[in-house]
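S.K.: The structure file final-v9.txt (compact mmCIF, C-alpha atoms) is provided below.
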# COMPACT_ATOMS: atom_id res chain seq x y z
CA MET A 1 -12.73 14.24 -5.94
CA PHE A 2 -10.21 15.96 -3.67
CA GLU A 3 -12.72 18.70 -2.80
CA ARG A 4 -15.26 16.08 -1.72
CA ARG A 5 -12.71 14.44 0.55
CA MET A 6 -11.71 17.76 2.11
CA ASP A 7 -15.34 18.67 2.72
CA LYS A 8 -15.95 15.32 4.38
CA LEU A 9 -12.91 15.77 6.63
CA ARG A 10 -14.11 19.22 7.68
CA GLN A 11 -17.54 17.81 8.46
CA ARG A 12 -15.99 15.11 10.63
CA LEU A 13 -13.79 17.66 12.41
CA ALA A 14 -16.88 19.72 13.19
CA GLU A 15 -18.72 16.67 14.50
CA GLY A 16 -15.79 15.94 16.80
CA GLY A 17 -15.40 19.51 17.98
CA VAL A 18 -11.91 19.80 16.49
CA GLY A 19 -10.72 23.21 15.34
CA ALA A 20 -8.08 22.11 12.81
CA ALA A 21 -6.23 19.06 11.52
CA VAL A 22 -2.47 19.07 10.91
CA ILE A 23 -1.51 16.37 8.39
CA THR A 24 2.03 15.34 7.40
CA ASP A 25 1.79 11.77 6.06
CA ASP A 26 2.47 11.96 2.33
CA ASP A 27 -0.26 9.46 1.42
CA ASN A 28 -2.84 11.39 3.42
CA VAL A 29 -1.67 14.67 1.88
CA TYR A 30 -2.13 13.13 -1.58
CA TYR A 31 -5.53 11.66 -0.65
CA LEU A 32 -6.82 15.08 0.36
CA THR A 33 -5.04 17.41 -2.09
CA GLY A 34 -3.59 15.51 -5.07
CA TYR A 35 -0.07 16.74 -4.23
CA TYR A 36 2.71 14.15 -4.55
CA ASP A 37 6.40 13.51 -5.26
CA TYR A 38 7.72 16.26 -3.01
CA LEU A 39 10.71 16.02 -0.68
CA HIS A 40 10.19 14.25 2.62
CA MET A 41 11.81 14.09 6.04
CA GLU A 42 14.63 11.93 4.66
CA PHE A 43 15.88 15.31 3.39
CA GLY A 44 14.83 17.19 6.53
CA ARG A 45 12.02 19.02 4.75
CA PRO A 46 8.49 18.58 6.11
CA THR A 47 5.38 19.29 4.08
CA ILE A 48 2.41 20.14 6.29
CA LEU A 49 -1.28 20.38 5.39
CA VAL A 50 -3.46 22.42 7.74
CA VAL A 51 -7.22 21.88 7.44
CA PRO A 52 -9.25 24.25 9.64
CA ARG A 53 -12.79 23.29 10.49
CA ASP A 54 -13.77 26.78 9.35
CA GLY A 55 -11.41 28.70 7.10
CA LYS A 56 -9.03 28.17 4.23
CA THR A 57 -6.83 25.11 3.85
CA LEU A 58 -3.09 25.73 3.82
CA LEU A 59 -0.24 23.68 2.38
CA ILE A 60 3.20 24.46 3.84
CA THR A 61 5.92 23.02 1.60
CA PRO A 62 9.59 23.68 0.74
CA SER A 63 10.11 26.43 -1.81
CA ILE A 64 12.16 24.01 -3.91
CA ASP A 65 8.87 22.19 -4.59
CA ALA A 66 6.76 25.30 -5.16
CA ALA A 67 6.17 24.65 -8.86
CA ALA A 68 4.93 21.11 -8.24
CA ALA A 69 2.69 22.29 -5.40
CA LYS A 70 1.08 25.01 -7.50
CA SER A 71 0.50 22.53 -10.31
CA ALA A 72 -1.01 19.68 -8.28
CA ALA A 73 -2.22 20.74 -4.83
CA GLN A 74 -5.94 21.45 -4.64
CA VAL A 75 -5.87 23.70 -1.58
CA ASP A 76 -6.91 27.28 -0.83
CA ARG A 77 -3.43 28.57 -0.04
CA ILE A 78 0.19 27.50 -0.47
CA SER A 79 2.96 28.83 1.73
CA THR A 80 6.60 27.98 0.99
CA TRP A 81 9.70 28.03 3.17
CA ASN A 82 13.42 27.82 2.43
CA ASP A 83 16.32 26.06 4.14
CA GLY A 84 17.93 28.29 6.75
CA ALA A 85 15.63 31.26 6.11
CA GLY A 86 14.24 32.53 9.41
CA ASN A 87 12.55 29.79 11.38
CA GLU A 88 11.69 27.90 8.18
CA TRP A 89 8.33 26.06 8.29
CA ARG A 90 7.93 26.84 11.99
CA GLU A 91 7.00 30.44 11.16
CA LYS A 92 3.91 29.29 9.28
CA LEU A 93 2.18 27.03 11.79
CA PRO A 94 1.16 29.45 14.57
CA VAL A 95 -0.63 31.71 12.08
CA ALA A 96 -2.18 28.72 10.28
CA LEU A 97 -3.58 27.28 13.47
CA GLY A 98 -4.97 30.65 14.47
CA LYS A 99 -7.36 30.45 17.38
CA ALA A 100 -8.23 26.78 17.00
CA SER A 101 -9.08 25.59 20.50
CA THR A 102 -8.21 21.97 19.66
CA ILE A 103 -6.19 20.34 16.90
CA ALA A 104 -5.93 16.81 15.56
CA ILE A 105 -2.66 15.30 14.34
CA GLU A 106 -1.49 11.93 12.99
CA SER A 107 -0.01 10.77 16.28
CA ASP A 108 1.69 7.70 14.80
CA ARG A 109 2.94 9.32 11.58
CA MET A 110 3.98 12.89 12.31
CA PRO A 111 7.76 13.47 11.99
CA PRO A 112 9.36 13.98 15.43
CA PRO A 113 10.60 17.54 14.68
CA VAL A 114 7.10 18.64 13.69
CA ARG A 115 5.52 16.88 16.66
CA ALA A 116 7.99 18.51 19.05
CA TYR A 117 7.11 21.94 17.69
CA ILE A 118 3.37 21.22 17.88
CA ASP A 119 3.80 20.23 21.52
CA ASP A 120 5.46 23.61 22.17
CA LEU A 121 2.57 25.44 20.50
CA VAL A 122 -0.45 23.55 21.79
CA PRO A 123 -1.07 22.05 25.26
CA LEU A 124 -1.28 18.27 25.20
CA GLU A 125 -4.88 18.24 26.43
CA ARG A 126 -5.92 20.16 23.28
CA ILE A 127 -4.35 17.62 20.89
CA SER A 128 -6.22 14.59 19.54
CA ASP A 129 -5.50 11.94 16.90
CA VAL A 130 -6.93 12.34 13.38
CA SER A 131 -5.44 9.04 12.09
CA PRO A 132 -8.46 6.84 12.91
CA LEU A 133 -10.77 9.32 11.19
CA LEU A 134 -8.65 9.38 8.03
CA ALA A 135 -8.27 5.60 8.05
CA GLU A 136 -12.03 5.22 8.23
CA MET A 137 -12.54 7.71 5.40
CA ARG A 138 -10.07 5.85 3.20
CA MET A 139 -11.46 2.33 3.74
CA ILE A 140 -14.32 2.63 1.25
CA LYS A 141 -12.95 3.49 -2.17
CA SER A 142 -14.58 5.94 -4.56
CA PRO A 143 -15.44 4.91 -8.14
CA GLU A 144 -12.27 6.74 -9.26
CA GLU A 145 -10.16 4.73 -6.81
CA LEU A 146 -11.75 1.45 -7.88
CA GLN A 147 -10.79 2.23 -11.46
CA LEU A 148 -7.22 2.79 -10.27
CA ALA A 149 -7.35 -0.54 -8.42
CA ARG A 150 -8.46 -2.42 -11.52
CA HIS A 151 -5.76 -0.78 -13.62
CA ALA A 152 -3.19 -1.56 -10.93
CA GLY A 153 -4.30 -5.17 -11.28
CA GLU A 154 -3.52 -5.03 -15.00
CA VAL A 155 -0.07 -3.67 -14.23
CA ALA A 156 0.47 -6.44 -11.67
CA GLY A 157 -0.58 -9.07 -14.19
CA ALA A 158 1.88 -7.77 -16.76
CA MET A 159 4.65 -7.88 -14.16
CA MET A 160 3.86 -11.42 -13.09
CA ALA A 161 3.69 -12.71 -16.66
CA ALA A 162 7.04 -11.10 -17.47
CA GLY A 163 8.62 -12.42 -14.29
CA ARG A 164 7.42 -15.92 -15.00
CA ALA A 165 8.80 -15.75 -18.54
CA ALA A 166 12.20 -14.56 -17.30
CA ILE A 167 12.66 -17.35 -14.73
CA GLY A 168 14.91 -20.18 -15.90
CA ASP A 169 17.86 -22.44 -15.25
CA ARG A 170 21.13 -20.46 -14.90
CA VAL A 171 19.32 -17.11 -14.93
CA PRO A 172 20.34 -14.55 -12.26
CA GLU A 173 17.54 -13.20 -10.08
CA PHE A 174 18.14 -9.58 -11.09
CA GLU A 175 17.21 -10.41 -14.69
CA VAL A 176 13.73 -11.31 -13.46
CA ALA A 177 13.52 -7.97 -11.65
CA LEU A 178 14.52 -6.10 -14.81
CA ALA A 179 11.85 -7.93 -16.81
CA THR A 180 9.06 -7.25 -14.30
CA SER A 181 9.96 -3.58 -13.98
CA GLN A 182 9.97 -3.04 -17.73
CA ALA A 183 6.69 -4.87 -18.24
CA GLY A 184 4.97 -3.01 -15.43
CA THR A 185 6.23 0.36 -16.63
CA ARG A 186 5.08 -0.26 -20.19
CA LYS A 187 1.62 -1.41 -19.09
CA ALA A 188 1.30 1.56 -16.73
CA ALA A 189 2.32 3.98 -19.48
CA GLU A 190 -0.26 2.42 -21.81
CA LEU A 191 -3.02 2.85 -19.21
CA LEU A 192 -1.97 6.39 -18.27
CA ASN A 193 -2.04 7.48 -21.92
CA ALA A 194 -5.38 5.83 -22.58
CA HIS A 195 -7.33 6.79 -19.47
CA TYR A 196 -5.73 9.66 -17.53
CA ASP A 197 -4.90 13.30 -18.12
CA ASP A 198 -1.85 13.51 -15.86
CA ALA A 199 1.40 13.84 -17.76
CA ASP A 200 3.37 14.23 -14.52
CA MET A 201 2.40 10.84 -13.09
CA SER A 202 5.30 8.42 -13.57
CA PRO A 203 4.57 4.95 -14.99
CA ASN A 204 7.80 3.55 -13.53
CA THR A 205 7.79 1.09 -10.67
CA ARG A 206 8.90 2.50 -7.33
CA PHE A 207 10.10 -0.50 -5.34
CA LEU A 208 12.84 -3.13 -5.38
CA GLN A 209 11.61 -6.52 -6.57
CA ILE A 210 10.88 -8.91 -3.72
CA MET A 211 11.86 -12.42 -4.78
CA ALA A 212 13.71 -15.44 -3.46
CA SER A 213 14.88 -18.70 -4.95
CA GLY A 214 16.48 -21.98 -3.90
CA ASP A 215 17.65 -22.08 -0.29
CA GLU A 216 16.80 -18.37 0.09
CA ILE A 217 13.09 -19.13 -0.33
CA VAL A 218 12.52 -18.81 3.44
CA LYS A 219 13.57 -15.13 3.36
CA THR A 220 10.15 -13.57 3.01
CA HIS A 221 11.24 -10.12 1.82
CA HIS A 222 14.49 -10.98 0.07
CA ARG A 223 15.30 -8.62 -2.80
CA ALA A 224 16.44 -9.77 -6.24
CA SER A 225 20.19 -10.47 -6.13
CA THR A 226 22.95 -11.82 -8.35
CA ARG A 227 22.11 -15.38 -7.29
CA ILE A 228 21.92 -17.83 -10.20
CA MET A 229 18.72 -19.89 -10.24
CA ARG A 230 18.91 -23.60 -11.10
CA ARG A 231 16.58 -26.30 -12.36
CA GLY A 232 14.31 -27.78 -9.71
CA GLU A 233 14.47 -24.74 -7.45
CA PRO A 234 11.43 -22.90 -6.13
CA VAL A 235 11.09 -19.18 -6.95
CA PHE A 236 8.88 -16.70 -5.08
CA LEU A 237 7.74 -13.44 -6.67
CA CYS A 238 6.04 -10.71 -4.64
CA PHE A 239 4.65 -7.47 -6.12
CA CYS A 240 3.18 -5.98 -2.93
CA GLY A 241 5.52 -3.00 -3.22
CA MET A 242 5.96 -2.78 -6.98
CA THR A 243 2.28 -2.76 -7.92
CA ASN A 244 1.90 0.98 -7.52
CA PHE A 245 -0.15 2.42 -10.36
CA HIS A 246 -1.07 6.11 -10.15
CA ARG A 247 -0.09 5.76 -6.46
CA PHE A 248 -2.61 2.94 -5.86
CA LYS A 249 -1.05 -0.14 -4.27
CA LEU A 250 -2.07 -3.82 -4.37
CA GLY A 251 -0.84 -7.14 -3.00
CA PHE A 252 0.10 -9.97 -5.41
CA ASP A 253 2.30 -13.09 -4.90
CA ARG A 254 3.04 -16.36 -6.68
CA MET A 255 5.48 -19.29 -6.48
CA PHE A 256 7.08 -21.17 -9.34
CA TRP A 257 9.46 -24.08 -9.84
CA ILE A 258 12.08 -24.32 -12.58
CA GLY A 259 11.53 -27.35 -14.80
CA GLU A 260 10.26 -29.74 -12.12
CA ILE A 261 9.35 -30.11 -8.43
CA PRO A 262 11.91 -32.64 -7.16
CA ASP A 263 10.72 -32.44 -3.53
CA ARG A 264 7.11 -33.56 -3.17
CA LYS A 265 6.96 -32.00 0.32
CA GLN A 266 7.27 -28.56 -1.26
CA ALA A 267 4.30 -29.29 -3.49
CA ASP A 268 2.24 -30.46 -0.50
CA LEU A 269 3.04 -27.27 1.42
CA TYR A 270 2.14 -25.16 -1.58
CA GLU A 271 -1.24 -26.87 -1.78
CA ILE A 272 -1.89 -25.99 1.87
CA ALA A 273 -1.08 -22.35 1.13
CA VAL A 274 -3.54 -22.30 -1.77
CA LYS A 275 -6.16 -24.03 0.37
CA SER A 276 -5.74 -21.47 3.15
CA GLN A 277 -6.32 -18.59 0.74
CA SER A 278 -9.35 -20.37 -0.67
CA ALA A 279 -10.76 -20.72 2.85
CA ALA A 280 -10.30 -17.00 3.45
CA LEU A 281 -12.04 -16.18 0.19
CA SER A 282 -15.00 -18.35 1.15
CA GLU A 283 -15.61 -15.82 3.96
CA LEU A 284 -14.77 -12.64 2.04
CA ARG A 285 -17.84 -10.46 1.52
CA ALA A 286 -19.57 -7.40 2.92
CA GLY A 287 -21.08 -7.85 6.36
CA VAL A 288 -18.48 -10.16 7.93
CA THR A 289 -15.70 -9.11 10.30
CA ALA A 290 -12.11 -8.73 9.15
CA GLU A 291 -10.97 -11.24 11.76
CA SER A 292 -13.41 -13.90 10.53
CA VAL A 293 -11.61 -13.97 7.16
CA HIS A 294 -8.32 -14.47 8.96
CA ARG A 295 -9.84 -17.18 11.16
CA ALA A 296 -10.87 -19.30 8.17
CA TYR A 297 -7.36 -19.01 6.71
CA ALA A 298 -5.62 -19.76 10.02
CA GLU A 299 -7.79 -22.81 10.71
CA VAL A 300 -6.58 -24.51 7.52
CA ILE A 301 -2.93 -23.86 8.38
CA GLN A 302 -3.22 -24.96 12.00
CA ALA A 303 -5.29 -28.04 11.08
CA ALA A 304 -2.38 -29.09 8.87
CA GLY A 305 -0.10 -29.02 11.90
CA PHE A 306 1.53 -25.62 11.54
CA GLU A 307 1.78 -22.66 13.91
CA TYR A 308 -0.64 -19.75 14.02
CA PRO A 309 0.19 -17.70 10.89
CA PHE A 310 0.79 -14.02 10.20
CA ARG A 311 -2.19 -11.91 9.15
CA CYS A 312 -4.20 -13.13 6.18
CA GLY A 313 -4.30 -9.74 4.52
CA ARG A 314 -4.78 -6.00 4.75
CA GLY A 315 -6.50 -3.05 3.21
CA THR A 316 -4.63 -1.33 0.39
CA GLY A 317 -5.03 1.92 -1.52
CA PHE A 318 -2.77 4.94 -1.64
CA SER A 319 -0.77 3.33 1.19
CA PHE A 320 0.78 -0.14 1.32
CA LEU A 321 -1.05 -0.79 4.59
CA GLU A 322 -4.53 0.54 5.24
CA ALA A 323 -7.44 -0.41 7.45
CA PRO A 324 -8.77 -2.93 8.01
CA GLN A 325 -6.29 -5.72 8.66
CA LEU A 326 -7.38 -9.32 8.25
CA VAL A 327 -6.09 -10.50 11.60
CA THR A 328 -7.35 -11.66 14.98
CA GLY A 329 -8.70 -8.72 16.93
CA ASP A 330 -9.78 -6.56 13.98
CA LYS A 331 -13.55 -6.52 14.29
CA THR A 332 -14.14 -4.08 11.42
CA ILE A 333 -17.22 -5.02 9.43
CA LEU A 334 -16.23 -5.42 5.79
CA GLN A 335 -18.13 -3.20 3.38
CA SER A 336 -18.64 -3.07 -0.35
CA GLY A 337 -15.93 -0.96 -1.97
CA MET A 338 -13.05 -1.98 0.27
CA VAL A 339 -9.89 -3.19 -1.48
CA LEU A 340 -8.07 -6.00 0.31
CA ALA A 341 -4.96 -8.09 -0.29
CA VAL A 342 -5.65 -11.69 0.78
CA ASP A 343 -2.87 -14.24 1.19
CA GLY A 344 -2.50 -17.97 1.67
CA SER A 345 0.69 -19.25 3.25
CA VAL A 346 2.55 -21.90 5.18
CA ALA A 347 6.15 -21.96 6.42
CA THR A 348 8.66 -24.46 7.76
CA GLU A 349 12.31 -24.06 8.69
CA ASN A 350 13.47 -24.96 5.18
CA PHE A 351 10.60 -23.88 2.92
CA ARG A 352 7.78 -21.41 2.71
CA ALA A 353 4.90 -21.13 0.26
CA GLN A 354 2.72 -18.10 -0.34
CA VAL A 355 0.10 -16.98 -2.82
CA GLY A 356 -1.68 -13.65 -2.70
CA ASP A 357 -4.17 -11.59 -4.66
CA SER A 358 -6.15 -8.37 -4.32
CA PHE A 359 -9.92 -8.07 -4.29
CA ILE A 360 -12.70 -5.50 -4.23
CA VAL A 361 -15.29 -6.44 -1.60
CA THR A 362 -18.87 -6.62 -2.89
CA ASP A 363 -22.24 -7.25 -1.24
CA THR A 364 -22.24 -10.86 -2.42
CA GLY A 365 -18.55 -11.66 -2.29
CA PHE A 366 -15.67 -10.10 -4.13
CA GLU A 367 -14.24 -9.00 -7.47
CA GLN A 368 -10.73 -10.33 -8.07
CA ILE A 369 -8.40 -7.72 -9.58
CA THR A 370 -5.09 -9.63 -9.82
CA HIS A 371 -4.95 -12.69 -12.02
CA HIS A 372 -2.43 -15.48 -12.58
CA PRO A 373 -2.86 -19.27 -12.40
CA LYS A 374 -2.43 -20.99 -9.03
CA ALA A 375 -2.90 -24.68 -9.86
CA ILE A 376 0.38 -26.38 -9.08
CA GLY A 377 0.70 -27.88 -12.54
CA ASN A 378 0.79 -24.34 -13.93
CA MET A 379 3.56 -23.21 -11.58
CA ILE A 380 6.33 -25.22 -13.23
CA VAL A 381 8.23 -23.07 -15.74
Represent the structure from my file as structure tokens, please.
M.R.:
Amino acid sequence: MFERRMDKLRQRLAEGGVGAAVITDDDNVYYLTGYYDYLHMEFGRPTILVVPRDGKTLLITPSIDAAAAKSAAQVDRISTWNDGAGNEWREKLPVALGKASTIAIESDRMPPPVRAYIDDLVPLERISDVSPLLAEMRMIKSPEELQLARHAGEVAGAMMAAGRAAIGDRVPEFEVALATSQAGTRKAAELLNAHYDDADMSPNTRFLQIMASGDEIVKTHHRASTRIMRRGEPVFLCFCGMTNFHRFKLGFDRMFWIGEIPDRKQADLYEIAVKSQSAALSELRAGVTAESVHRAYAEVIQAAGFEYPFRCGRGTGFSFLEAPQLVTGDKTILQSGMVLAVDGSVATENFRAQVGDSFIVTDTGFEQITHHPKAIGNMIV
């Protein structure tokens, strides 16, 4: 799988007349090599993948991660560097780039220290951007990735069911987060043991639970806190960061109410959110533009008297945000094998409602890979 991706990248570099690609984004490094869970720039330690159009691939990584690199990275060569030894990783790049007349980098993702050094090595006119090429390669998922997506959906479903069960009157929000994390981890471990030969891959969730309740419901990305939930309050659960199975990410959101819905206006707004997602899904299929899916969703929201909404959805995969985006201006033609998160939403000053699921695009429509009821009668716990 990784060899096929590397070969395709090299072919594209040759077609574009690029001598070598220099890749630093951890998701792109994983996509091409299978190497993951190394130290990042938060610790001042870059990992750099060099892919020559002709020649051997090279992974430059801190020596502290050498064992992990040798175990996981499917590259031709690995070169390690140590803190404070010589010129560290900078000694490796000039030799790795060799006589490449042009190089391609991830202009919007490369860490500033690495970019500054690249600019010292290579004249600006010989540098291009490899990000669009990689984004295009990653849009259509392989059969192996689609299996990961479906399993990620199972993990997401286990999380949502556990979160729903944990919600209740006088329950603190963090108890819900504990329940979802445990359920997701156990389901992920079950799937890893049954279907994958990768003992190093962690089943544990890697993200703080996004949730809000009561008056905090308007805080879109509020994290679980010590707040005590009460009867009649709305509760929002989002798993767009936590659904991360074998590094594959999905989007998944639901709203609930504790015991009853005392404010009928909240129920009406929720129904608009569901309707807006349904409108988007009526357009979702191969052959349409990304922005047309967003348009159908936005028309429902604006027809109900609300402002133009945020994007309807986005591509997902080994990154939280991938191409295409379901938003005005993205004219990408959807193709079978894309994985997209698709939302429905509406917001006022005092309340916001959102539902979201993930889907595999097919020639005739879509395959839904996250599942939980949406009918409002089912959202009262």
S.K.: If we count only C-alpha atoms, what is near Asp253 of chain A at a cut-off of 8 Å, once residues fewer than 5 positions away on the same chain are taken out, given as a list in words?
M.R.: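 Listed by chain and then number, they are Phe236, Leu237, Cys238, Phe239, Cys240, Gln354, Val355, Gly356 and Asp357 of chain A.
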S.K.: If I take atom CA of Ala156 of chain A and atom CA of His195 of chain A, how far is one from the other in Å, to one decimal?
M.R.: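 Interatomic distance, atom CA of Ala156 of chain A to atom CA of His195 of chain A: 17.2 Å.
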S.K.: What is the distance, in Å and to one decimal place, between atom CA of His40 of chain A and atom CA of Phe318 of chain A?
M.R.: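 Between these atoms lies a distance of 16.5 Å.
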S.K.: Could you name the residues that touch Asp343 of chain A at 10 Å or less, counting all atoms listed in the file, but leaving out those on the same chain fewer than 5 positions away, as a ChimeraX atom specification?
M.R.: /A:251-253,273-274,276-278,280-281,294,297,310-314,326,354-358
S.K.: Name the residues in contact with Ala68 of chain A at a cut-off of 8 Å, using all atoms listed in the file, excluding same-chain residues fewer than 5 positions from it; report them as an MDAnalysis selection string.
M.R.: chainID A and resid 35 38 73
